[in-house]
Amino acid sequence: MAFKDYPQNIKVRLITSFFNRAVSSAVMPFMALFFAQEMSKVWAGMFLVFTVIVSFFTNLIGGYISDRFPRKRVLLLTSSLSALLFLFMTLSLLPEDNLIWLFAIAYAAFVVTSSLGRPAMHAIIIDSTTPENRKAVYAIEYWLVNLSMAIGAALGGLLYVNHQIELFAMLTVTSASLPIAYHIWLRDESTSRLEKQHQNVLLDVIQNYKIAFQDIPFVKVVVGSMFIFAAEFSLNSYIGVRLAETFETVQIGEFQVGGVRMLSYLNIQNMLLVVCFTFIINKLTDRFNKKNVLLFGLLLYGIGYVTVTSANTWYILVLFNIIATLGELIYSPIRNTEEANMMPANKRGSYSAFSNLSFSGADLVARSTIIMGAYLVPTMMSVYIGVILMAGIVLLYAGLFMSKNVSNEGIINATV
């Protein structure tokens with residue numbers, strides 16, 4: 001399917017998010033460093049934990065809002081507010097002594113607005129695709145995400161230290177263009193709206209997510225995905241810490257590679273593999289049964305990360321990191337597509353918000369590996385990651401495919 005043949009909403013989403021993510025990826029990874037330098041490490045840690053918690057709850061509220069109200073209107077409001085908040089962040093950097101209080105308030109408010117708008121955009125994408133073209137759309141989005149993040153990382157590395165104001169000004173201009181693009185080109189094609197069940201809004205939100213929690217197959221997919229993502233997230237938590245402490249510096253050509261640099265190379269390698277091979281692998285996997293492809297991809301992904309968790313030799317790390325990334329390229333579009341297919345039309349915003357628990361939970365599990373790593377040797381950490389991955393694979397497969405079989409059998413029995 002050529003890009004020109006994609007639905008208009010998909011093209012708007014892919015183009016706008018590419019530019020926005022490229023610029024934001026140059027800034028957002030440095031937030032912990034920025035707040036630690038301006039305030040203190042403890043303050044920075046507590047503040048960023050607070051924003052993660054706020055983001056989690058506002059994301060759930062955003063899912064409810066996107067199902068109750070026109071999604072385009074929600075996106076226009078939240079994206080406009082985000083642009084305004086980036087302007088405040090930029091202005092706070094202009095004085096010689098940064099107005100850190102203004103920057104912190106604007107950043108926290110941005111976390112709220114972006115979390116409120118995210119489920120609406122995700123739901124619009126699902127509304128604008130069909131089960132037939134969804135896999136192709138998720139594949140190109142996955143490719144563009146990694147390409148934009150690679151560009152953003154390069155921009156940040158070059159400009160963050162000496163050109164912070166210019167970076168934030170670029171981010172402000174890019175963000176300000178989003179609501180304009182949404183207003184002109186985005187179409188809200190959703191016809192079904194979630195009906196209000198309770199006069200009390202809080203009770204209505206709780207009731208809304210109660211239905212999602214009672215959807216057992218979907219809960220299995222969310223929890224299974226959380227365990228699977230945790231392995232990848234551990235690369236920048238436990239694996240990064242272990243490499244920094246125990247990796248012996250090696251000489252490759254004229255370069256000395258220590259633990260921290262090795263971690264950077266592994267991350268760059270991931271992005272390059274995704275950029276180079278996403279479409280080739282997606283085309284190859286279309287020929288085979290999606291259940292078998294999913295399991296094969298997860299198997300490669302698991303073998304890769306279980307080995308990388310404890311490996312301490314550069315070529316073993318590089319080889320199995322390649323295997324893990326290829327596994328992710330194989331399984332990820334199928335997982336995304338099948339998860340989207342499970343979402344009811346009138347609750348796509350809420351289900352999208354609920355599915356984000358996969359990422360929040362995976363981040364927490366990955367952070368816990370740092371604590372576990374203080375008590376377990378690396379080989380035992382590989383076993384620990386292996387057990388988590390096995391549980392994730394079983395839950396994901398059961399939620400996506402086995403539950404469908406049970407439902408189909410129930411329908412057949414009921415009609416006999």
# chains A, B, ... in the order shown; residues from 1 in each chain; ligands from 1
>>> residues_around(residues="range 117-134 of chain A", least_positions_apart="2", cutoff="8 Å", atoms="only C-alpha atoms", output="PDB file with N, CA and C atoms, in the first residue's frame")
ATOM      1  N   PRO A   7      -5.482   6.633   4.262  1.00  0.00           N
ATOM      2  CA  PRO A   7      -6.528   7.607   4.603  1.00  0.00           C
ATOM      3  C   PRO A   7      -5.904   8.935   5.036  1.00  0.00           C
ATOM      4  N   ASN A   9      -6.461  11.013   7.496  1.00  0.00           N
ATOM      5  CA  ASN A   9      -6.105  11.134   8.912  1.00  0.00           C
ATOM      6  C   ASN A   9      -4.770  10.462   9.227  1.00  0.00           C
ATOM      7  N   ILE A  10      -4.510   9.332   8.569  1.00  0.00           N
ATOM      8  CA  ILE A  10      -3.267   8.607   8.813  1.00  0.00           C
ATOM      9  C   ILE A  10      -2.086   9.434   8.334  1.00  0.00           C
ATOM     10  N   ARG A  13      -1.490  12.290  10.736  1.00  0.00           N
ATOM     11  CA  ARG A  13      -0.882  11.769  11.965  1.00  0.00           C
ATOM     12  C   ARG A  13       0.598  11.452  11.763  1.00  0.00           C
ATOM     13  N   ASN A  59      -4.029  10.317  31.649  1.00  0.00           N
ATOM     14  CA  ASN A  59      -4.188   9.505  30.449  1.00  0.00           C
ATOM     15  C   ASN A  59      -5.514   8.733  30.498  1.00  0.00           C
ATOM     16  N   GLY A  62      -8.192  11.176  29.906  1.00  0.00           N
ATOM     17  CA  GLY A  62      -8.177  11.505  28.475  1.00  0.00           C
ATOM     18  C   GLY A  62      -8.895  10.467  27.636  1.00  0.00           C
ATOM     19  N   GLY A  63      -8.746   9.196  27.996  1.00  0.00           N
ATOM     20  CA  GLY A  63      -9.452   8.133  27.288  1.00  0.00           C
ATOM     21  C   GLY A  63     -10.958   8.271  27.411  1.00  0.00           C
ATOM     22  N   SER A  66     -12.140  11.345  25.347  1.00  0.00           N
ATOM     23  CA  SER A  66     -12.108  11.137  23.895  1.00  0.00           C
ATOM     24  C   SER A  66     -13.256  10.264  23.406  1.00  0.00           C
ATOM     25  N   ASP A  67     -13.853   9.489  24.306  1.00  0.00           N
ATOM     26  CA  ASP A  67     -15.021   8.686  23.931  1.00  0.00           C
ATOM     27  C   ASP A  67     -16.335   9.440  24.153  1.00  0.00           C
ATOM     28  N   ARG A  71     -13.449  13.856  19.079  1.00  0.00           N
ATOM     29  CA  ARG A  71     -12.005  13.658  19.286  1.00  0.00           C
ATOM     30  C   ARG A  71     -11.174  14.773  18.662  1.00  0.00           C
ATOM     31  N   LYS A  72     -11.625  15.301  17.543  1.00  0.00           N
ATOM     32  CA  LYS A  72     -10.885  16.396  16.905  1.00  0.00           C
ATOM     33  C   LYS A  72     -10.861  17.612  17.812  1.00  0.00           C
ATOM     34  N   VAL A  74     -11.060  17.639  21.082  1.00  0.00           N
ATOM     35  CA  VAL A  74     -10.150  17.330  22.199  1.00  0.00           C
ATOM     36  C   VAL A  74      -8.699  17.558  21.771  1.00  0.00           C
ATOM     37  N   LEU A  75      -8.354  17.088  20.563  1.00  0.00           N
ATOM     38  CA  LEU A  75      -6.988  17.239  20.055  1.00  0.00           C
ATOM     39  C   LEU A  75      -6.625  18.699  19.809  1.00  0.00           C
ATOM     40  N   THR A  78      -6.044  20.314  23.362  1.00  0.00           N
ATOM     41  CA  THR A  78      -4.842  19.857  24.073  1.00  0.00           C
ATOM     42  C   THR A  78      -3.562  20.238  23.338  1.00  0.00           C
ATOM     43  N   SER A  79      -3.567  20.150  22.000  1.00  0.00           N
ATOM     44  CA  SER A  79      -2.345  20.499  21.249  1.00  0.00           C
ATOM     45  C   SER A  79      -2.078  22.006  21.294  1.00  0.00           C
ATOM     46  N   THR A 113      -1.602  17.989  29.619  1.00  0.00           N
ATOM     47  CA  THR A 113      -2.289  18.213  28.339  1.00  0.00           C
ATOM     48  C   THR A 113      -1.959  17.130  27.310  1.00  0.00           C
ATOM     49  N   SER A 114      -0.693  16.717  27.255  1.00  0.00           N
ATOM     50  CA  SER A 114      -0.321  15.691  26.275  1.00  0.00           C
ATOM     51  C   SER A 114      -0.948  14.345  26.623  1.00  0.00           C
ATOM     52  N   SER A 115      -1.054  14.035  27.932  1.00  0.00           N
ATOM     53  CA  SER A 115      -1.674  12.775  28.363  1.00  0.00           C
ATOM     54  C   SER A 115      -3.177  12.770  28.092  1.00  0.00           C
ATOM     55  N   ALA A 136      -0.064  -2.567   8.105  1.00  0.00           N
ATOM     56  CA  ALA A 136       0.833  -1.735   7.294  1.00  0.00           C
ATOM     57  C   ALA A 136       0.998  -0.345   7.907  1.00  0.00           C
ATOM     58  N   VAL A 137      -0.101   0.208   8.431  1.00  0.00           N
ATOM     59  CA  VAL A 137      -0.051   1.536   9.053  1.00  0.00           C
ATOM     60  C   VAL A 137       0.816   1.504  10.312  1.00  0.00           C
ATOM     61  N   TYR A 138       0.635   0.483  11.149  1.00  0.00           N
ATOM     62  CA  TYR A 138       1.449   0.380  12.367  1.00  0.00           C
ATOM     63  C   TYR A 138       2.922   0.169  12.035  1.00  0.00           C
ATOM     64  N   ASP A 188     -12.773  14.006  11.963  1.00  0.00           N
ATOM     65  CA  ASP A 188     -13.275  13.154  13.044  1.00  0.00           C
ATOM     66  C   ASP A 188     -14.381  12.280  12.465  1.00  0.00           C
ATOM     67  N   GLU A 189     -14.023  11.028  12.138  1.00  0.00           N
ATOM     68  CA  GLU A 189     -14.951  10.133  11.454  1.00  0.00           C
ATOM     69  C   GLU A 189     -15.740   9.241  12.411  1.00  0.00           C
ATOM     70  N   SER A 190     -15.516   9.415  13.703  1.00  0.00           N
ATOM     71  CA  SER A 190     -16.216   8.586  14.686  1.00  0.00           C
ATOM     72  C   SER A 190     -17.688   9.000  14.778  1.00  0.00           C
ATOM     73  N   THR A 337      -1.648  -4.484  15.821  1.00  0.00           N
ATOM     74  CA  THR A 337      -2.844  -4.631  14.991  1.00  0.00           C
ATOM     75  C   THR A 337      -3.926  -5.429  15.707  1.00  0.00           C
ATOM     76  N   ALA A 340      -5.486  -3.508  18.572  1.00  0.00           N
ATOM     77  CA  ALA A 340      -6.426  -2.488  18.070  1.00  0.00           C
ATOM     78  C   ALA A 340      -7.741  -3.122  17.624  1.00  0.00           C
ATOM     79  N   ASN A 341      -7.664  -4.305  17.029  1.00  0.00           N
ATOM     80  CA  ASN A 341      -8.871  -4.994  16.560  1.00  0.00           C
ATOM     81  C   ASN A 341      -9.792  -5.399  17.716  1.00  0.00           C
ATOM     82  N   ALA A 345     -15.764  -0.021  19.153  1.00  0.00           N
ATOM     83  CA  ALA A 345     -15.773   1.259  18.431  1.00  0.00           C
ATOM     84  C   ALA A 345     -16.084   2.457  19.339  1.00  0.00           C
ATOM     85  N   ARG A 348     -12.858   3.200  22.080  1.00  0.00           N
ATOM     86  CA  ARG A 348     -11.468   3.110  21.626  1.00  0.00           C
ATOM     87  C   ARG A 348     -10.532   4.041  22.398  1.00  0.00           C
ATOM     88  N   GLY A 349     -11.022   5.211  22.766  1.00  0.00           N
ATOM     89  CA  GLY A 349     -10.205   6.120  23.557  1.00  0.00           C
ATOM     90  C   GLY A 349      -9.878   5.530  24.909  1.00  0.00           C
ATOM     91  N   SER A 350     -10.892   4.990  25.571  1.00  0.00           N
ATOM     92  CA  SER A 350     -10.703   4.408  26.900  1.00  0.00           C
ATOM     93  C   SER A 350      -9.809   3.166  26.839  1.00  0.00           C
ATOM     94  N   SER A 352      -7.593   2.513  24.551  1.00  0.00           N
ATOM     95  CA  SER A 352      -6.240   2.973  24.220  1.00  0.00           C
ATOM     96  C   SER A 352      -5.521   3.463  25.476  1.00  0.00           C
ATOM     97  N   ALA A 353      -6.246   4.232  26.298  1.00  0.00           N
ATOM     98  CA  ALA A 353      -5.661   4.723  27.547  1.00  0.00           C
ATOM     99  C   ALA A 353      -5.322   3.568  28.472  1.00  0.00           C
TER     100      ALA A 353
END
>>> residues_around(residues="Tyr301 in chain A", least_positions_apart="2", cutoff="12 Å", atoms="only C-alpha atoms", output="PyMOL selection string")
chain A and resi 228-232+294-299+303-308+320-332+385-386+389-390+392-393
>>> write_last_selection(atoms="N, CA, C and O atoms", output="compact mmCIF listing (two decimals), in the first residue's frame")
# COMPACT_ATOMS: atom_id res chain seq x y z
N ILE A 228 6.48 -8.25 28.41
CA ILE A 228 7.34 -8.33 27.22
C ILE A 228 8.14 -7.03 27.05
O ILE A 228 9.35 -7.06 26.81
N PHE A 229 7.47 -5.88 27.18
CA PHE A 229 8.16 -4.60 27.04
C PHE A 229 9.23 -4.41 28.12
O PHE A 229 10.21 -3.71 27.90
N ALA A 230 9.02 -5.01 29.29
CA ALA A 230 9.95 -4.83 30.41
C ALA A 230 11.36 -5.27 30.04
O ALA A 230 12.34 -4.68 30.51
N ALA A 231 11.47 -6.30 29.19
CA ALA A 231 12.80 -6.78 28.77
C ALA A 231 13.53 -5.70 27.99
O ALA A 231 14.71 -5.41 28.24
N GLU A 232 12.82 -5.06 27.06
CA GLU A 232 13.44 -3.99 26.26
C GLU A 232 13.76 -2.78 27.13
O GLU A 232 14.83 -2.18 27.01
N LEU A 294 4.02 -14.29 15.10
CA LEU A 294 4.08 -13.65 16.42
C LEU A 294 4.95 -14.44 17.37
O LEU A 294 5.84 -13.88 18.03
N LEU A 295 4.73 -15.75 17.45
CA LEU A 295 5.51 -16.60 18.36
C LEU A 295 6.97 -16.63 17.97
O LEU A 295 7.86 -16.59 18.83
N PHE A 296 7.26 -16.71 16.67
CA PHE A 296 8.65 -16.73 16.20
C PHE A 296 9.35 -15.42 16.57
O PHE A 296 10.49 -15.43 17.06
N GLY A 297 8.67 -14.30 16.35
CA GLY A 297 9.24 -13.00 16.69
C GLY A 297 9.51 -12.87 18.18
O GLY A 297 10.57 -12.40 18.60
N LEU A 298 8.55 -13.31 18.99
CA LEU A 298 8.72 -13.26 20.45
C LEU A 298 9.84 -14.17 20.93
O LEU A 298 10.56 -13.85 21.88
N LEU A 299 10.00 -15.32 20.26
CA LEU A 299 11.09 -16.24 20.61
C LEU A 299 12.45 -15.59 20.36
O LEU A 299 13.34 -15.63 21.23
N ILE A 303 15.15 -14.63 23.30
CA ILE A 303 16.53 -15.14 23.28
C ILE A 303 17.52 -13.98 23.29
O ILE A 303 18.53 -14.00 24.01
N GLY A 304 17.22 -12.95 22.50
CA GLY A 304 18.11 -11.79 22.42
C GLY A 304 18.28 -11.10 23.75
O GLY A 304 19.40 -10.91 24.24
N TYR A 305 17.16 -10.73 24.39
CA TYR A 305 17.25 -9.95 25.63
C TYR A 305 17.70 -10.78 26.83
O TYR A 305 18.39 -10.25 27.73
N VAL A 306 17.36 -12.05 26.86
CA VAL A 306 17.85 -12.91 27.96
C VAL A 306 19.37 -12.99 27.91
O VAL A 306 20.04 -12.95 28.96
N THR A 307 19.94 -13.07 26.71
CA THR A 307 21.40 -13.13 26.56
C THR A 307 22.05 -11.80 26.86
O THR A 307 23.05 -11.72 27.59
N VAL A 308 21.48 -10.71 26.32
CA VAL A 308 22.05 -9.37 26.53
C VAL A 308 22.04 -9.00 28.01
O VAL A 308 22.92 -8.28 28.49
N PHE A 320 23.38 -10.54 19.80
CA PHE A 320 22.08 -10.85 20.39
C PHE A 320 21.17 -9.63 20.49
O PHE A 320 19.95 -9.77 20.55
N ASN A 321 21.75 -8.44 20.47
CA ASN A 321 20.93 -7.23 20.37
C ASN A 321 20.27 -7.17 18.99
O ASN A 321 19.11 -6.76 18.86
N ILE A 322 21.01 -7.60 17.95
CA ILE A 322 20.44 -7.68 16.60
C ILE A 322 19.29 -8.68 16.58
O ILE A 322 18.21 -8.41 16.03
N ILE A 323 19.50 -9.85 17.20
CA ILE A 323 18.46 -10.89 17.24
C ILE A 323 17.21 -10.36 17.96
O ILE A 323 16.08 -10.55 17.49
N ALA A 324 17.41 -9.67 19.09
CA ALA A 324 16.28 -9.13 19.85
C ALA A 324 15.50 -8.10 19.03
O ALA A 324 14.26 -8.10 19.01
N THR A 325 16.21 -7.22 18.33
CA THR A 325 15.55 -6.17 17.54
C THR A 325 14.80 -6.76 16.35
O THR A 325 13.69 -6.33 16.03
N LEU A 326 15.39 -7.77 15.70
CA LEU A 326 14.70 -8.44 14.60
C LEU A 326 13.42 -9.12 15.10
O LEU A 326 12.38 -9.08 14.43
N GLY A 327 13.49 -9.72 16.28
CA GLY A 327 12.31 -10.32 16.89
C GLY A 327 11.22 -9.29 17.14
O GLY A 327 10.03 -9.52 16.87
N GLU A 328 11.64 -8.09 17.61
CA GLU A 328 10.67 -7.01 17.85
C GLU A 328 10.04 -6.55 16.55
O GLU A 328 8.83 -6.29 16.48
N LEU A 329 10.85 -6.45 15.49
CA LEU A 329 10.33 -6.04 14.18
C LEU A 329 9.31 -7.04 13.64
O LEU A 329 8.36 -6.66 12.95
N ILE A 330 9.48 -8.31 13.98
CA ILE A 330 8.57 -9.35 13.51
C ILE A 330 7.25 -9.34 14.28
O ILE A 330 6.17 -9.37 13.70
N TYR A 331 7.35 -9.27 15.62
CA TYR A 331 6.12 -9.42 16.42
C TYR A 331 5.33 -8.13 16.62
O TYR A 331 4.11 -8.14 16.74
N SER A 332 6.01 -6.97 16.63
CA SER A 332 5.37 -5.72 17.05
C SER A 332 4.18 -5.29 16.19
O SER A 332 3.11 -4.97 16.74
N ILE A 385 14.63 -12.39 33.85
CA ILE A 385 14.06 -11.77 32.65
C ILE A 385 13.37 -12.83 31.79
O ILE A 385 12.30 -12.60 31.21
N GLY A 386 13.98 -14.03 31.71
CA GLY A 386 13.40 -15.13 30.93
C GLY A 386 12.03 -15.54 31.46
O GLY A 386 11.10 -15.79 30.68
N LEU A 389 9.50 -12.82 30.61
CA LEU A 389 9.16 -12.91 29.18
C LEU A 389 8.24 -14.08 28.88
O LEU A 389 7.29 -13.95 28.11
N MET A 390 8.52 -15.24 29.49
CA MET A 390 7.68 -16.42 29.26
C MET A 390 6.24 -16.16 29.70
O MET A 390 5.29 -16.49 28.99
N GLY A 392 4.83 -13.25 29.91
CA GLY A 392 4.26 -12.28 28.98
C GLY A 392 3.81 -12.91 27.67
O GLY A 392 2.73 -12.59 27.17
N ILE A 393 4.62 -13.82 27.14
CA ILE A 393 4.28 -14.48 25.88
C ILE A 393 3.01 -15.31 26.02
O ILE A 393 2.12 -15.28 25.17
>>> select_by_dssp(residues="range 148-284 of chain A", states="strand (DSSP E or B)", output="MDAnalysis selection string")
chainID A and resid 250:252 255:257
>>> residues_around(residues="Gln164 in chain A", least_positions_apart="6", cutoff="10 Å", atoms="only C-alpha atoms", output="number ranges by chain")
A: 26-27, 90, 93-94, 156, 170
>>> residues_around(residues="Ile239 in chain A", least_positions_apart="5", cutoff="9 Å", atoms="only C-alpha atoms", output="MDAnalysis selection string")
chainID A and resid 234 244 263 308:310 369:370
>>> closest_residue(among="A:Ser80, A:Phe56, A:Ser382, A:Glu339", to="Ser225 in chain A", atoms="only C-alpha atoms")
A:Glu339
>>> closest_residue(among="A:Ala150, A:Asn20, A:Pro344, A:Phe233", to="Ser368 in chain A", atoms="only C-alpha atoms")
A:Phe233
>>> select_by_dssp(residues="range 96-147 of chain A", states="helix (DSSP H, G or I)", output="PyMOL selection string")
chain A and resi 100-128+134-147
>>> closest_residue(among="A:Glu338, A:Asp5, A:Asp363, A:Glu96", to="Pro217 in chain A", atoms="only C-alpha atoms")
A:Glu338
>>> closest_residue(among="A:Gly224, A:Gly157, A:Gly302, A:Gly253", to="Ser355 in chain A", atoms="only C-alpha atoms")
A:Gly224
>>> residues_around(residues="Ala362 in chain A", least_positions_apart="2", cutoff="7 Å", atoms="only C-alpha atoms", output="JSON, numbers by chain")
{"A": [226, 227, 229, 230, 233, 358, 359, 360, 364, 365, 366]}
>>> write_last_selection(atoms="N, CA and C atoms", output="short mmCIF file (atom, residue, chain, number, x, y, z; two decimals), in the first residue's frame")
data_model
loop_
_atom_site.label_atom_id
_atom_site.label_comp_id
_atom_site.auth_asym_id
_atom_site.auth_seq_id
_atom_site.Cartn_x
_atom_site.Cartn_y
_atom_site.Cartn_z
N MET A 226 3.02 -5.81 28.94
CA MET A 226 3.81 -5.16 29.98
C MET A 226 5.06 -5.99 30.30
N PHE A 227 4.89 -7.30 30.48
CA PHE A 227 6.03 -8.18 30.79
C PHE A 227 7.01 -8.24 29.62
N PHE A 229 7.47 -5.88 27.18
CA PHE A 229 8.16 -4.60 27.04
C PHE A 229 9.23 -4.41 28.12
N ALA A 230 9.02 -5.01 29.29
CA ALA A 230 9.95 -4.83 30.41
C ALA A 230 11.36 -5.27 30.04
N PHE A 233 12.84 -2.43 28.03
CA PHE A 233 13.05 -1.27 28.89
C PHE A 233 14.23 -1.49 29.84
N SER A 358 0.51 -0.95 29.79
CA SER A 358 1.61 -1.82 29.36
C SER A 358 2.95 -1.10 29.50
N PHE A 359 2.98 0.17 29.06
CA PHE A 359 4.24 0.92 29.08
C PHE A 359 4.59 1.39 30.49
N SER A 360 3.58 1.90 31.23
CA SER A 360 3.84 2.34 32.60
C SER A 360 4.30 1.17 33.47
N LEU A 364 8.01 0.29 35.36
CA LEU A 364 8.18 -0.05 36.77
C LEU A 364 8.91 -1.38 36.94
N VAL A 365 8.53 -2.38 36.12
CA VAL A 365 9.21 -3.69 36.20
C VAL A 365 10.68 -3.53 35.84
N ALA A 366 10.97 -2.73 34.80
CA ALA A 366 12.36 -2.50 34.38
C ALA A 366 13.16 -1.80 35.48
#
